[in-house]
Amino acid sequence: MSAMSSSPTRFDLPGHPPATITEYQGVRSLHLGTSWVQGAMRIAKPDNIELEYVQMMMMWLLFIDQPRHIVQLGLGSAALTKFSYRRFPKARVTVAELNPNVIAMCRAQFGLPSNDARLDVREMNALDFVLDAANHGTVDVLQVDLYDEQARGPVLDTPEFYQGCYDTLADGGVMTTNVFGDFSNYDKNLQAMELVFDAVVWLPEVHDANIVVIAFKQAPVIDFSVLYERAGHIKKTLNLPAKTWVNGLKGWMLDQQ
């Protein structure tokens with residue numbers, strides 16, 4: 001077995017893209033051996049979610065306020081994992097991340113805590129996680145952000161994968177996913193999700209072609225006055241821009257009519 005490289009700013013266990021960092025104006029970014037940013041953290045506020053589209057992945061908060069089990073597919077810079085772990089002390093947080101270099105870097109440079117009774121970061125393939133019957137029906141919130149070092153599009157985007165995602169969700173469960181790339185990519189992912197989920201909503205692009213999708217195991221009844229009230233509470237308690245999420249949902253629904 002090869003040792004990790006000794007520098008805490010580069011982890012390059014062979015067989016996986018190396019994890020490296022850059023820092024600019026107080027923000028530390030994660031890279032997988034390329035210039036693509038795979039995640040970021042403001043060094044002075046390590047437990048906040050720095051990037052707007054990553055904040056948007058928390059949009060499930062409009063529909064679920066007390067999750068018991070939050071699962072992250074693709075660790076990135078651990079922003080969602082840390083936020084979920086720290087802000088929902090009654091929830092279990094599980095992560096499936098294939099690249100051991102990413103896990104090592106998040107622990108060394110992005111403040112990812114060690115595994116404990118509530119946090120379980122596993123080095124494994126996300127597809128294996130969602131196809132494992134032991135995980136089916138156990139997840140309230142599934143956050144999917146799966147990119148390789150070239151970031152050309154989600155690594156997993158087949159109907160089989162999304163069926164697995166659906167199967168892992170408990171009743172009332174919600175998936176958020178970041179779909180980055182070109183339009184053919186969006187269409188492919190949207191069609192695969194719509195085959196499986198009861199309702200799928202796309203939010204407007206907020207940053208560099210990242211589009212966040214929210215998919216529901218059971219279609220929710222949407223009452224915008226209630227959602228705006230919840231958004232106000234989310235802003236006050238978690239400092240996330242939830243009103244813009246509700247505006248996005250509203251815009252999407254108007255576009256569909």
# chains A, B, ... in the order shown; residues from 1 in each chain; ligands from 1
$ closest_atom_pairs --of "segment 28-122 of chain A" --to "segment 127-138 of chain A" --cutoff "10 Å" --atoms "only C-alpha atoms" --output "Markdown table"
| residue | atom | partner | partner_atom | distance |
| --- | --- | --- | --- | --- |
| A:Arg68 | CA | A:Thr138 | CA | 9.0 |
| A:His69 | CA | A:Thr138 | CA | 7.2 |
| A:Ile70 | CA | A:Thr138 | CA | 9.4 |
| A:Val71 | CA | A:Thr138 | CA | 9.7 |
| A:Leu73 | CA | A:Phe129 | CA | 8.7 |
| A:Val95 | CA | A:Phe129 | CA | 9.4 |
| A:Ala96 | CA | A:Phe129 | CA | 7.0 |
| A:Glu97 | CA | A:Phe129 | CA | 10.0 |
| A:Arg122 | CA | A:Phe129 | CA | 9.7 |
$ select_by_dssp --residues "segment 14-235 of chain A" --states "alpha helix (DSSP H)" --output "ChimeraX atom specification"
/A:52-56,79-87,100-109,126-131,159-168,183-196,224-235
$ residues_around --residues "Lys188 of chain A" --least-positions-apart "4" --cutoff "10 Å" --atoms "only C-alpha atoms" --output "ChimeraX atom specification"
/A:157-159,183-184,192-193
$ closest_residue --among "A:Pro89, A:Ser7, A:Gly173, A:Asn185" --to "Leu156 of chain A" --atoms "only C-alpha atoms"
A:Asn185
$ residues_around --residues "Glu23 of chain A" --least-positions-apart "2" --cutoff "10 Å" --atoms "only C-alpha atoms" --output "number ranges by chain"
A: 21, 25-30, 40-43
$ residues_around --residues "Phe110 of chain A" --least-positions-apart "3" --cutoff "7 Å" --atoms "only C-alpha atoms" --output "PDB file with N, CA and C atoms, in the first residue's frame"
ATOM      1  N   SER A  77     -15.725  19.872  -0.967  1.00  0.00           N
ATOM      2  CA  SER A  77     -14.874  20.442   0.083  1.00  0.00           C
ATOM      3  C   SER A  77     -15.509  20.276   1.466  1.00  0.00           C
ATOM      4  N   ALA A  78     -16.490  19.387   1.559  1.00  0.00           N
ATOM      5  CA  ALA A  78     -17.164  19.028   2.826  1.00  0.00           C
ATOM      6  C   ALA A  78     -18.077  20.131   3.359  1.00  0.00           C
ATOM      7  N   CYS A 106      -9.988  17.033   2.932  1.00  0.00           N
ATOM      8  CA  CYS A 106     -11.050  17.689   3.713  1.00  0.00           C
ATOM      9  C   CYS A 106     -10.741  17.639   5.205  1.00  0.00           C
ATOM     10  N   ARG A 107     -10.131  16.546   5.636  1.00  0.00           N
ATOM     11  CA  ARG A 107      -9.767  16.455   7.068  1.00  0.00           C
ATOM     12  C   ARG A 107      -8.587  17.375   7.378  1.00  0.00           C
TER      13      ARG A 107
END
$ residues_around --residues "Gly111 of chain A" --least-positions-apart "6" --cutoff "9 Å" --atoms "only C-alpha atoms" --output "ChimeraX atom specification"
/A:46-47,78,82
$ residues_around --residues "Leu146 of chain A" --least-positions-apart "4" --cutoff "12 Å" --atoms "only C-alpha atoms" --output "ChimeraX atom specification"
/A:38-39,72-77,95-99,125-127,150-157,161,176-180
$ select_by_dssp --residues "segment 155-224 of chain A" --states "strand (DSSP E or B)" --output "CSV table (one decimal) with C-alpha atoms, in the first residue's frame"
chain,number,residue,atom,x,y,z
A,169,LEU,CA,-35.3,7.9,0.3
A,170,ALA,CA,-37.8,7.4,3.1
A,171,ASP,CA,-41.4,8.5,2.6
A,172,GLY,CA,-41.4,12.3,2.1
A,173,GLY,CA,-37.7,12.2,1.3
A,174,VAL,CA,-36.1,14.8,-1.0
A,175,MET,CA,-33.1,14.8,-3.2
A,176,THR,CA,-31.1,17.9,-4.3
A,177,THR,CA,-28.5,17.6,-7.0
A,178,ASN,CA,-26.2,19.9,-8.8
A,179,VAL,CA,-26.2,19.4,-12.6
A,180,PHE,CA,-23.3,21.2,-14.2
A,199,ALA,CA,-41.9,15.7,-9.0
A,200,VAL,CA,-38.7,17.3,-10.3
A,201,VAL,CA,-38.1,21.1,-10.1
A,202,TRP,CA,-35.1,23.0,-11.7
A,207,HIS,CA,-23.3,30.5,-10.9
A,210,ASN,CA,-24.4,25.1,-12.0
A,211,ILE,CA,-28.1,24.2,-12.0
A,212,VAL,CA,-29.7,22.8,-8.8
A,213,VAL,CA,-32.5,20.4,-9.0
A,214,ILE,CA,-34.9,19.3,-6.2
A,215,ALA,CA,-36.6,16.0,-6.7
A,216,PHE,CA,-39.4,14.6,-4.4
$ closest_residue --among "A:Leu203, A:Ile103, A:Val221, A:Ala19" --to "Ser35 of chain A" --atoms "only C-alpha atoms"
A:Ala19
$ atom_distance --atom1 "atom CA of His31 of chain A" --atom2 "atom CA of Leu13 of chain A"
14.6 Å
